[in-house]
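J.: Data: final-v3.cif, mmCIF, N, CA and C atoms and all ligand atoms; chains and numbers go by the auth columns.
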```cif
data_my_file
#
loop_
_atom_site.group_PDB
_atom_site.id
_atom_site.type_symbol
_atom_site.label_atom_id
_atom_site.label_comp_id
_atom_site.label_asym_id
_atom_site.label_seq_id
_atom_site.Cartn_x
_atom_site.Cartn_y
_atom_site.Cartn_z
_atom_site.B_iso_or_equiv
_atom_site.auth_seq_id
_atom_site.auth_asym_id
ATOM 1 N N MET A 1 0.843 -1.196 0.000 0.00 1 A
ATOM 2 C CA MET A 1 0.000 0.000 0.000 0.00 1 A
ATOM 3 C C MET A 1 0.882 1.251 0.000 0.00 1 A
ATOM 4 N N LYS A 2 0.639 2.076 -0.961 0.00 2 A
ATOM 5 C CA LYS A 2 1.437 3.300 -1.060 0.00 2 A
ATOM 6 C C LYS A 2 0.586 4.512 -0.715 0.00 2 A
ATOM 7 N N LEU A 3 1.081 5.264 0.239 0.00 3 A
ATOM 8 C CA LEU A 3 0.401 6.504 0.579 0.00 3 A
ATOM 9 C C LEU A 3 1.385 7.653 0.435 0.00 3 A
ATOM 10 N N ASN A 4 1.019 8.588 -0.375 0.00 4 A
ATOM 11 C CA ASN A 4 1.874 9.754 -0.537 0.00 4 A
ATOM 12 C C ASN A 4 1.400 10.869 0.387 0.00 4 A
ATOM 13 N N LEU A 5 1.978 10.879 1.576 0.00 5 A
ATOM 14 C CA LEU A 5 1.576 11.892 2.536 0.00 5 A
ATOM 15 C C LEU A 5 2.281 13.213 2.273 0.00 5 A
ATOM 16 N N ARG A 6 3.390 13.128 1.593 0.00 6 A
ATOM 17 C CA ARG A 6 4.136 14.348 1.282 0.00 6 A
ATOM 18 C C ARG A 6 3.759 14.858 -0.092 0.00 6 A
ATOM 19 N N ILE A 7 3.599 16.142 -0.156 0.00 7 A
ATOM 20 C CA ILE A 7 3.361 16.747 -1.463 0.00 7 A
ATOM 21 C C ILE A 7 4.706 16.873 -2.166 0.00 7 A
ATOM 22 N N GLU A 8 4.733 16.470 -3.419 0.00 8 A
ATOM 23 C CA GLU A 8 5.973 16.626 -4.192 0.00 8 A
ATOM 24 C C GLU A 8 6.371 18.096 -4.216 0.00 8 A
ATOM 25 N N LYS A 9 7.622 18.338 -3.993 0.00 9 A
ATOM 26 C CA LYS A 9 8.059 19.728 -3.914 0.00 9 A
ATOM 27 C C LYS A 9 7.814 20.477 -5.229 0.00 9 A
ATOM 28 N N GLU A 10 7.936 19.780 -6.319 0.00 10 A
ATOM 29 C CA GLU A 10 7.714 20.440 -7.616 0.00 10 A
ATOM 30 C C GLU A 10 6.283 20.914 -7.765 0.00 10 A
ATOM 31 N N ASP A 11 5.352 20.181 -7.166 0.00 11 A
ATOM 32 C CA ASP A 11 3.965 20.604 -7.245 0.00 11 A
ATOM 33 C C ASP A 11 3.732 21.899 -6.470 0.00 11 A
ATOM 34 N N GLU A 12 4.501 22.063 -5.396 0.00 12 A
ATOM 35 C CA GLU A 12 4.350 23.280 -4.608 0.00 12 A
ATOM 36 C C GLU A 12 4.888 24.495 -5.348 0.00 12 A
ATOM 37 N N ASN A 13 5.745 24.233 -6.309 0.00 13 A
ATOM 38 C CA ASN A 13 6.379 25.339 -7.009 0.00 13 A
ATOM 39 C C ASN A 13 5.678 25.722 -8.307 0.00 13 A
ATOM 40 N N LYS A 14 4.466 25.219 -8.463 0.00 14 A
ATOM 41 C CA LYS A 14 3.694 25.590 -9.653 0.00 14 A
ATOM 42 C C LYS A 14 2.323 26.074 -9.233 0.00 14 A
ATOM 43 N N CYS A 15 1.846 27.085 -9.930 0.00 15 A
ATOM 44 C CA CYS A 15 0.482 27.543 -9.701 0.00 15 A
ATOM 45 C C CYS A 15 -0.472 26.398 -10.026 0.00 15 A
ATOM 46 N N GLU A 16 -1.349 26.060 -9.091 0.00 16 A
ATOM 47 C CA GLU A 16 -2.239 24.916 -9.302 0.00 16 A
ATOM 48 C C GLU A 16 -3.315 25.210 -10.342 0.00 16 A
ATOM 49 N N TYR A 17 -3.477 26.464 -10.662 0.00 17 A
ATOM 50 C CA TYR A 17 -4.493 26.800 -11.657 0.00 17 A
ATOM 51 C C TYR A 17 -3.901 26.905 -13.066 0.00 17 A
ATOM 52 N N CYS A 18 -2.851 27.701 -13.226 0.00 18 A
ATOM 53 C CA CYS A 18 -2.324 27.939 -14.576 0.00 18 A
ATOM 54 C C CYS A 18 -1.008 27.215 -14.829 0.00 18 A
ATOM 55 N N GLY A 19 -0.368 26.655 -13.776 0.00 19 A
ATOM 56 C CA GLY A 19 0.860 25.902 -13.956 0.00 19 A
ATOM 57 C C GLY A 19 2.114 26.749 -14.072 0.00 19 A
ATOM 58 N N LYS A 20 1.976 28.029 -13.828 0.00 20 A
ATOM 59 C CA LYS A 20 3.118 28.932 -13.899 0.00 20 A
ATOM 60 C C LYS A 20 4.082 28.645 -12.741 0.00 20 A
ATOM 61 N N PRO A 21 5.391 28.597 -13.005 0.00 21 A
ATOM 62 C CA PRO A 21 6.346 28.340 -11.925 0.00 21 A
ATOM 63 C C PRO A 21 6.284 29.427 -10.853 0.00 21 A
ATOM 64 N N LEU A 22 6.411 28.994 -9.607 0.00 22 A
ATOM 65 C CA LEU A 22 6.345 29.940 -8.494 0.00 22 A
ATOM 66 C C LEU A 22 7.709 30.113 -7.858 0.00 22 A
ATOM 67 N N THR A 23 7.955 31.291 -7.351 0.00 23 A
ATOM 68 C CA THR A 23 9.169 31.552 -6.586 0.00 23 A
ATOM 69 C C THR A 23 8.752 31.826 -5.145 0.00 23 A
ATOM 70 N N PRO A 24 9.640 31.562 -4.180 0.00 24 A
ATOM 71 C CA PRO A 24 9.277 31.771 -2.771 0.00 24 A
ATOM 72 C C PRO A 24 8.811 33.200 -2.487 0.00 24 A
ATOM 73 N N GLU A 25 9.308 34.165 -3.239 0.00 25 A
ATOM 74 C CA GLU A 25 8.931 35.563 -2.999 0.00 25 A
ATOM 75 C C GLU A 25 7.607 35.898 -3.667 0.00 25 A
ATOM 76 N N ASN A 26 7.221 35.068 -4.632 0.00 26 A
ATOM 77 C CA ASN A 26 6.034 35.388 -5.413 0.00 26 A
ATOM 78 C C ASN A 26 5.080 34.202 -5.439 0.00 26 A
ATOM 79 N N VAL A 27 4.591 33.854 -4.258 0.00 27 A
ATOM 80 C CA VAL A 27 3.653 32.743 -4.173 0.00 27 A
ATOM 81 C C VAL A 27 2.448 33.190 -3.370 0.00 27 A
ATOM 82 N N TYR A 28 1.289 32.797 -3.844 0.00 28 A
ATOM 83 C CA TYR A 28 0.050 33.135 -3.169 0.00 28 A
ATOM 84 C C TYR A 28 -0.594 31.841 -2.697 0.00 28 A
ATOM 85 N N SER A 29 -0.709 31.649 -1.398 0.00 29 A
ATOM 86 C CA SER A 29 -1.317 30.425 -0.880 0.00 29 A
ATOM 87 C C SER A 29 -2.690 30.733 -0.307 0.00 29 A
ATOM 88 N N ARG A 30 -3.565 29.783 -0.485 0.00 30 A
ATOM 89 C CA ARG A 30 -4.911 29.935 0.074 0.00 30 A
ATOM 90 C C ARG A 30 -5.393 28.582 0.576 0.00 30 A
ATOM 91 N N GLU A 31 -5.985 28.596 1.768 0.00 31 A
ATOM 92 C CA GLU A 31 -6.524 27.363 2.321 0.00 31 A
ATOM 93 C C GLU A 31 -7.952 27.180 1.840 0.00 31 A
ATOM 94 N N MET A 32 -8.207 26.004 1.276 0.00 32 A
ATOM 95 C CA MET A 32 -9.552 25.668 0.816 0.00 32 A
ATOM 96 C C MET A 32 -9.913 24.301 1.359 0.00 32 A
ATOM 97 N N LYS A 33 -11.014 24.238 2.078 0.00 33 A
ATOM 98 C CA LYS A 33 -11.487 22.971 2.636 0.00 33 A
ATOM 99 C C LYS A 33 -10.389 22.256 3.419 0.00 33 A
ATOM 100 N N GLY A 34 -9.618 23.005 4.189 0.00 34 A
ATOM 101 C CA GLY A 34 -8.609 22.427 5.057 0.00 34 A
ATOM 102 C C GLY A 34 -7.306 22.075 4.385 0.00 34 A
ATOM 103 N N LYS A 35 -7.174 22.365 3.080 0.00 35 A
ATOM 104 C CA LYS A 35 -5.941 22.055 2.371 0.00 35 A
ATOM 105 C C LYS A 35 -5.385 23.344 1.774 0.00 35 A
ATOM 106 N N VAL A 36 -4.062 23.494 1.876 0.00 36 A
ATOM 107 C CA VAL A 36 -3.441 24.700 1.356 0.00 36 A
ATOM 108 C C VAL A 36 -3.070 24.495 -0.112 0.00 36 A
ATOM 109 N N HIS A 37 -3.487 25.423 -0.932 0.00 37 A
ATOM 110 C CA HIS A 37 -3.160 25.385 -2.353 0.00 37 A
ATOM 111 C C HIS A 37 -2.272 26.572 -2.681 0.00 37 A
ATOM 112 N N TYR A 38 -1.444 26.389 -3.705 0.00 38 A
ATOM 113 C CA TYR A 38 -0.483 27.427 -4.062 0.00 38 A
ATOM 114 C C TYR A 38 -0.755 27.961 -5.458 0.00 38 A
ATOM 115 N N PHE A 39 -0.707 29.270 -5.569 0.00 39 A
ATOM 116 C CA PHE A 39 -0.995 29.934 -6.848 0.00 39 A
ATOM 117 C C PHE A 39 -0.002 31.058 -7.083 0.00 39 A
ATOM 118 N N CYS A 40 -0.008 31.556 -8.335 0.00 40 A
ATOM 119 C CA CYS A 40 0.890 32.662 -8.656 0.00 40 A
ATOM 120 C C CYS A 40 0.288 33.996 -8.233 0.00 40 A
ATOM 121 N N CYS A 41 -1.039 34.034 -8.082 0.00 41 A
ATOM 122 C CA CYS A 41 -1.697 35.285 -7.727 0.00 41 A
ATOM 123 C C CYS A 41 -3.099 35.000 -7.185 0.00 41 A
ATOM 124 N N SER A 42 -3.707 36.013 -6.602 0.00 42 A
ATOM 125 C CA SER A 42 -5.045 35.843 -6.031 0.00 42 A
ATOM 126 C C SER A 42 -6.069 35.566 -7.124 0.00 42 A
ATOM 127 N N HIS A 43 -5.810 36.070 -8.322 0.00 43 A
ATOM 128 C CA HIS A 43 -6.726 35.841 -9.437 0.00 43 A
ATOM 129 C C HIS A 43 -6.834 34.353 -9.760 0.00 43 A
ATOM 130 N N CYS A 44 -5.699 33.668 -9.781 0.00 44 A
ATOM 131 C CA CYS A 44 -5.699 32.227 -10.045 0.00 44 A
ATOM 132 C C CYS A 44 -6.379 31.480 -8.902 0.00 44 A
ATOM 133 N N ALA A 45 -6.162 31.932 -7.670 0.00 45 A
ATOM 134 C CA ALA A 45 -6.809 31.293 -6.522 0.00 45 A
ATOM 135 C C ALA A 45 -8.325 31.416 -6.639 0.00 45 A
ATOM 136 N N ASP A 46 -8.787 32.593 -7.019 0.00 46 A
ATOM 137 C CA ASP A 46 -10.227 32.815 -7.185 0.00 46 A
ATOM 138 C C ASP A 46 -10.790 31.916 -8.279 0.00 46 A
ATOM 139 N N ALA A 47 -10.071 31.842 -9.397 0.00 47 A
ATOM 140 C CA ALA A 47 -10.533 31.043 -10.534 0.00 47 A
ATOM 141 C C ALA A 47 -10.550 29.558 -10.177 0.00 47 A
ATOM 142 N N PHE A 48 -9.515 29.119 -9.464 0.00 48 A
ATOM 143 C CA PHE A 48 -9.424 27.715 -9.046 0.00 48 A
ATOM 144 C C PHE A 48 -10.564 27.369 -8.088 0.00 48 A
ATOM 145 N N GLU A 49 -10.811 28.249 -7.135 0.00 49 A
ATOM 146 C CA GLU A 49 -11.859 28.023 -6.148 0.00 49 A
ATOM 147 C C GLU A 49 -13.221 27.961 -6.832 0.00 49 A
ATOM 148 N N LYS A 50 -13.431 28.827 -7.800 0.00 50 A
ATOM 149 C CA LYS A 50 -14.688 28.861 -8.541 0.00 50 A
ATOM 150 C C LYS A 50 -14.888 27.556 -9.313 0.00 50 A
ATOM 151 N N LYS A 51 -13.801 27.107 -9.962 0.00 51 A
ATOM 152 C CA LYS A 51 -13.835 25.867 -10.735 0.00 51 A
ATOM 153 C C LYS A 51 -14.143 24.675 -9.824 0.00 51 A
ATOM 154 N N GLU A 52 -13.474 24.650 -8.648 0.00 52 A
ATOM 155 C CA GLU A 52 -13.695 23.569 -7.677 0.00 52 A
ATOM 156 C C GLU A 52 -15.158 23.530 -7.250 0.00 52 A
ATOM 157 N N ASN A 53 -15.706 24.686 -6.947 0.00 53 A
ATOM 158 C CA ASN A 53 -17.091 24.744 -6.492 0.00 53 A
ATOM 159 C C ASN A 53 -18.048 24.296 -7.584 0.00 53 A
ATOM 160 N N GLU A 54 -17.744 24.671 -8.811 0.00 54 A
ATOM 161 C CA GLU A 54 -18.611 24.294 -9.927 0.00 54 A
ATOM 162 C C GLU A 54 -18.567 22.783 -10.167 0.00 54 A
ATOM 163 N N SER A 55 -17.363 22.199 -10.049 0.00 55 A
ATOM 164 C CA SER A 55 -17.229 20.763 -10.315 0.00 55 A
ATOM 165 C C SER A 55 -17.880 19.913 -9.230 0.00 55 A
ATOM 166 N N HIS A 56 -18.130 20.529 -8.048 0.00 56 A
ATOM 167 C CA HIS A 56 -18.764 19.767 -6.979 0.00 56 A
ATOM 168 C C HIS A 56 -20.281 19.929 -6.977 0.00 56 A
ATOM 169 N N CYS A 57 -20.755 20.647 -7.969 0.00 57 A
ATOM 170 C CA CYS A 57 -22.207 20.822 -8.058 0.00 57 A
ATOM 171 C C CYS A 57 -22.873 19.477 -8.396 0.00 57 A
ATOM 172 N N CYS A 58 -23.991 19.173 -7.756 0.00 58 A
ATOM 173 C CA CYS A 58 -24.691 17.909 -7.985 0.00 58 A
ATOM 174 C C CYS A 58 -25.435 17.951 -9.318 0.00 58 A
HETATM 175 ZN ZN ZN B . -1.539 31.138 -11.833 0.00 1 B
#
```
Taking this structure as input, can you express it in the form of structure tokens?
T.:
Amino acid sequence: MKLNLRIEKEDENKCEYCGKPLTPENVYSREMKGKVHYFCCSHCADAFEKKENESHCC
């Protein structure tokens, strides 16, 4: 049984919405549903959150 409890470091260095590489000085993190997501800007965080909410619609 394989459980990946650690997030791959490379995933942390990319905007989860647009895939743009992130630098430690230029990273925008937002907690959603108890999990921290990383983005290049608040705009991507907003868009990602909107997409997540839409995909969970019944
Ligand atoms: Zn982005």
J.: Hey, what's within 9 Å of His37 in chain A if we count only C-alpha atoms and toss same-chain stuff fewer than 2 positions away? As a ChimeraX atom specification, please?
T.: /A:12,15-16,28-32,35,39,45
J.: If we count only N, CA and C atoms and set the cut-off at 7 Å, which residues sit around Leu22 in chain A, ignoring sequence neighbours fewer than 2 positions away in its own chain? Please answer as a list of chain:residue names.
T.: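 Returned residues: A:Glu12, A:Asn13, A:Lys14, A:Cys15, A:Gly19, A:Lys20, A:Pro24, A:Glu25, A:Asn26, A:Val27, A:Phe39, A:Cys40.
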J.: So how far away is atom N of Pro21 in chain A from atom N of Asn53 in chain A, in Å?
T.: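 Rounded to one decimal, the two atoms are 22.3 Å apart.
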J.: Identify which of the residues A:Asp46, A:Thr23, A:Tyr17, A:Gly34 lies closest to ligand ZN 1 (chain B), counting only C-alpha atoms and all ligand atoms when measuring atom-to-atom distances.
T.: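 Selected residue with least distance to ligand ZN 1 (chain B): A:Tyr17.
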J.: Which of these residues is nearest to ligand ZN 1 (chain B), using only C-alpha atoms and all ligand atoms: A:His43, A:Lys50, A:Cys18, A:Tyr38?
T.: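 Smallest distance to ligand ZN 1 (chain B) is found for A:Cys18.
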J.: Set up a box along x, y and z of the file covering all listed atoms of range 44-49 of chain A, add 8 Å on every one of the six sides, and write the centre and edge lengths in Å to one decimal, as lines of an AutoDock Vina configuration file.
T.:
```
center_x = -9.5
center_y = 30.5
center_z = -8.3
size_x = 23.5
size_y = 22.3
size_z = 20.4
```
